[in-house]
Each structure stands twice: as C-alpha cells, then as structure tokens.
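Q: Before I ask anything, let me first share the structure, which is written out below as structure tokens.
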Amino acid sequence: MTTASDVSATDTSAATVPSSAPGRLGWLKETAIVVGFYYVYQTIRSLADHGGVTNRAYGNARRLVGWERTLGIFHEQSIQQAVLAARWFIKAMNIYYGTLHFVITVGLLVWLYMKRHHAYRAMRNLLGLTTGLALIGYWAFPLAPPRLYKCNHSIPVPGPDGYAIGKCFVDTLSKVGGLWSYHSPVAKAVANQYAAMPSLHFGWALWCAIVIHRHSRHAWVRALGLLYPLLTLLSIVVTANHYFLDAVGGAVLILTASTVIRAHERRRSQKLLRAAGGDLAPAQ
C-alpha cells in the first residue's frame, strides 16, 4: 500500500537528483554556462583593481603579515629561500601554478559530466559559488601578494640573481620564468595583481580533492587527490603568490559555499515535501 510519505519521498528524489546520463547537446549548454560565468567573474575581478586600491593592498599586506607573525606562521619567506637555488624546481612550480589550476579543475568538470553525471550539477554549483564568493574578498580586502611585498629595506635577501635589498620575496615568474608572464599583454588585461585574498588556487584545489575523494573508485587515486591541495599550497607559497592565510581564506570559501548549498537544498526539500503533502490531503 502506497502512503503519502512514500509518494513524498519519491517526488522529492525525482526533483532533486539530476539525470544519470547527459543529454546529446547538454554539453553545449554547460559549456556556455561555465564560460559565461567565468567571463563575468574575470570582469568583476579585474574591476576590483580600481583607483586607490594600491595603498589599501599594501596596507592590508602589512596587516596580514602582522597577523601571521602573531600566529607564528609567517614562514613563507624562509620556505621560498630554501628552494630558490633549485631553479628547475622553481620553474616547475611556476608552470604548475599557471596551468594545473585550470587544467585539473576543468578536466574534473568534464569527467563529472561524462562519467558521474548524477553528481555533476551539485559539484558544478559548489565550484561556481566558491568562485563567486571569492569576489567579496577581492573587493573588501585587496591584498598585495608576497612577490610585491616590501618588508626589508636594508637586509640583503638571496635570490636567483644574487642578493637584493628591498623585498622579502623573489618574484619567481619574473626571475626564473614559466609558460607566461605577468608583464604579458594578456596577463595585464585579465589579471588583478591585488586579488590574493582568498586564494582561489587553494579553494579550487580543495574542490578537486572533494570530487576525487567522493567519486573515484580507486583508493590510490583518492590518495593522490588528497595530496593535490598540499602541492598547490607549496606552489602558491614558493612562487610568492600567496600567504598561508590566503589559503585559509580559500578553505573558508569552499566551506561557506558548501554550507549555503546544503541549507538551500534542505529548504527546497522541505518545500517539496510540504507541497506533496498538500496535494495528497483529502478533499473537504
């Protein structure tokens, strides 16, 4: 005998679980959504580099370094100095920073769509909300990254080209090189050099780890997935693009996005259950 609760559960499940197989041309729609969203994100992100932001960005950097010193975690400079002599490693980290951030994330989105379609929409929404929330940080807390931060004016700092005075960190992409440059016309057109907090590199890496951990069938792949955020953290520190607290900001991003999505799904499920209950109520 079918009860109202059985019907309600069935209706809710059907309404909240996406199809397990992609449609023939569904990938065109999804590509348009993802590309369009990222274009809007990049536009808003670049606009955050508005007039007067430079002084705020450097002031926030001094403030953040002070916080890290208080917490005892301001070790980015010593970590970078420990590996500066290994130019091959620095170049590899520059390439890693500039490519895998996109390649692995997009690759996992495509894999989800093709192989784990039932989970695609939820994970796409989590990635999208995480990315969108980052804009709040870029506007509210513009931050000069370590590679631009000047914290010593008299102490020589070792670098690939000898000792330099005036900076705590070496801009490894400028000094060692990679596949691209911050000075290229494309980078100048799309990059906001003061969008360091939160670190979306680390936030996206955590998203990738979640996808792999939840949806891979192989234990060794899940283990590699957990290592990916750690390697990303190393790359953003070694290349002097982010502080440790920027990575904390990235973790807060994805935690916040996940909480918001879960709350929305609960409200949506409750609404569907109430609606189903009303439909099954006996006529008066």
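We label chains A, B, ... in the order they appear in the structure tokens, count residues from 1 in each chain, and number ligands from 1 in the order shown.
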Can you check which residues of stretch 31-94 of chain A DSSP gives as helix (DSSP H, G or I) on the backbone and send them as an MDAnalysis selection string?

A: chainID A and resid 31:47 53:71 76:83 87:94

Q: Could the residues in this selection be written to a file with C-alpha atoms, as a short mmCIF file (atom, residue, chain, number, x, y, z; two decimals), in the first residue's frame?

A:
```
data_model
loop_
_atom_site.label_atom_id
_atom_site.label_comp_id
_atom_site.auth_asym_id
_atom_site.auth_seq_id
_atom_site.Cartn_x
_atom_site.Cartn_y
_atom_site.Cartn_z
CA THR A 31 29.98 24.93 -21.73
CA ALA A 32 28.10 28.19 -22.29
CA ILE A 33 27.18 28.39 -18.59
CA VAL A 34 30.72 27.73 -17.36
CA VAL A 35 32.46 30.00 -19.89
CA GLY A 36 29.90 32.78 -19.39
CA PHE A 37 30.18 32.58 -15.62
CA TYR A 38 33.97 32.68 -15.75
CA TYR A 39 33.91 35.67 -18.09
CA VAL A 40 31.66 37.57 -15.68
CA TYR A 41 33.89 36.53 -12.78
CA GLN A 42 37.05 37.75 -14.52
CA THR A 43 35.38 41.05 -15.45
CA ILE A 44 34.25 41.75 -11.89
CA ARG A 45 37.62 40.60 -10.55
CA SER A 46 39.51 42.99 -12.82
CA LEU A 47 37.19 45.86 -11.83
CA VAL A 53 43.33 50.21 -4.26
CA THR A 54 47.14 50.09 -4.27
CA ASN A 55 47.61 51.77 -0.91
CA ARG A 56 44.92 49.57 0.63
CA ALA A 57 46.53 46.44 -0.86
CA TYR A 58 49.95 47.19 0.62
CA GLY A 59 48.42 48.27 3.93
CA ASN A 60 46.47 45.02 4.09
CA ALA A 61 49.65 43.07 3.30
CA ARG A 62 51.42 44.66 6.29
CA ARG A 63 48.39 43.91 8.42
CA LEU A 64 48.21 40.28 7.27
CA VAL A 65 51.93 39.73 7.84
CA GLY A 66 51.42 41.08 11.36
CA TRP A 67 48.63 38.57 11.93
CA GLU A 68 50.82 35.74 10.69
CA ARG A 69 53.69 36.82 12.94
CA THR A 70 51.31 36.83 15.90
CA LEU A 71 50.10 33.34 14.97
CA GLU A 76 56.70 31.84 3.58
CA GLN A 77 59.98 33.72 3.11
CA SER A 78 62.15 31.00 4.66
CA ILE A 79 60.36 28.29 2.66
CA GLN A 80 60.97 30.14 -0.60
CA GLN A 81 64.61 30.84 0.24
CA ALA A 82 65.18 27.14 0.98
CA VAL A 83 64.42 26.18 -2.64
CA ARG A 87 65.83 26.76 -10.49
CA TRP A 88 64.33 23.68 -12.16
CA PHE A 89 62.00 23.23 -9.18
CA ILE A 90 61.04 26.90 -9.13
CA LYS A 91 60.26 26.80 -12.85
CA ALA A 92 58.20 23.64 -12.37
CA MET A 93 56.24 25.35 -9.60
CA ASN A 94 55.65 28.39 -11.84
#
```

Q: For stretch 131-146 of chain A, find every residue with an atom within 6 Å (counting only C-alpha atoms), except residues of its own chain fewer than 2 positions away, and show them as a ChimeraX atom specification.

A: /A:48,57-58,60-61,128-129,148-149,194-197,240-242

Q: At a cut-off of 8 Å, using only C-alpha atoms, what residues contact A:Trp207? Leave out same-chain residues fewer than 4 positions from it and give the result as a PyMOL selection string.

A: chain A and resi 127+203+211+254

Q: Please provide the set of residues having any atom within 12 Å of A:Arg262, restricted to only C-alpha atoms, with same-chain residues fewer than 5 positions apart removed, written as a PyMOL selection string.

A: chain A and resi 122-123+125-126+255-257+267-269

Q: Can those selected residues be exported to a file as a PDB file, in the first residue's frame so that it contains N, CA and C atoms?

A:
```pdb
ATOM      1  N   ALA A 122      25.577  19.298  -8.758  1.00  0.00           N
ATOM      2  CA  ALA A 122      25.872  19.715  -7.380  1.00  0.00           C
ATOM      3  C   ALA A 122      27.314  20.200  -7.260  1.00  0.00           C
ATOM      4  N   MET A 123      28.247  19.477  -7.889  1.00  0.00           N
ATOM      5  CA  MET A 123      29.652  19.865  -7.794  1.00  0.00           C
ATOM      6  C   MET A 123      29.939  21.107  -8.633  1.00  0.00           C
ATOM      7  N   ASN A 125      27.794  23.542  -9.075  1.00  0.00           N
ATOM      8  CA  ASN A 125      27.270  24.646  -8.273  1.00  0.00           C
ATOM      9  C   ASN A 125      28.200  24.991  -7.115  1.00  0.00           C
ATOM     10  N   LEU A 126      28.806  23.973  -6.508  1.00  0.00           N
ATOM     11  CA  LEU A 126      29.747  24.220  -5.420  1.00  0.00           C
ATOM     12  C   LEU A 126      30.958  24.999  -5.939  1.00  0.00           C
ATOM     13  N   LEU A 255      34.091  25.980   2.348  1.00  0.00           N
ATOM     14  CA  LEU A 255      33.258  25.583   3.479  1.00  0.00           C
ATOM     15  C   LEU A 255      31.977  26.409   3.521  1.00  0.00           C
ATOM     16  N   THR A 256      32.108  27.706   3.273  1.00  0.00           N
ATOM     17  CA  THR A 256      30.936  28.586   3.258  1.00  0.00           C
ATOM     18  C   THR A 256      29.998  28.214   2.118  1.00  0.00           C
ATOM     19  N   ALA A 257      30.571  28.006   0.921  1.00  0.00           N
ATOM     20  CA  ALA A 257      29.756  27.641  -0.238  1.00  0.00           C
ATOM     21  C   ALA A 257      29.014  26.339   0.006  1.00  0.00           C
ATOM     22  N   ARG A 267      15.981  23.570   2.493  1.00  0.00           N
ATOM     23  CA  ARG A 267      14.758  24.370   2.342  1.00  0.00           C
ATOM     24  C   ARG A 267      13.967  23.907   1.128  1.00  0.00           C
ATOM     25  N   ARG A 268      14.667  23.597   0.057  1.00  0.00           N
ATOM     26  CA  ARG A 268      13.986  23.150  -1.165  1.00  0.00           C
ATOM     27  C   ARG A 268      13.289  21.802  -0.942  1.00  0.00           C
ATOM     28  N   SER A 269      13.950  20.903  -0.261  1.00  0.00           N
ATOM     29  CA  SER A 269      13.350  19.593   0.022  1.00  0.00           C
ATOM     30  C   SER A 269      12.128  19.734   0.917  1.00  0.00           C
TER      31      SER A 269
END
```

Q: Which residue out of A:Val238, A:Arg124, A:Cys208, A:Met114 has the minimum interatomic distance to A:Leu226 when only C-alpha atoms are used?

A: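 Looking at the shortest contact to A:Leu226, the residue is A:Cys208.
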
Q: What does the structure give for the distance between atom CA of A:Arg214 and atom CA of A:Leu112, in Å to one decimal?

A: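 One can read the atom CA of A:Arg214 to atom CA of A:Leu112 distance as 11.1 Å.
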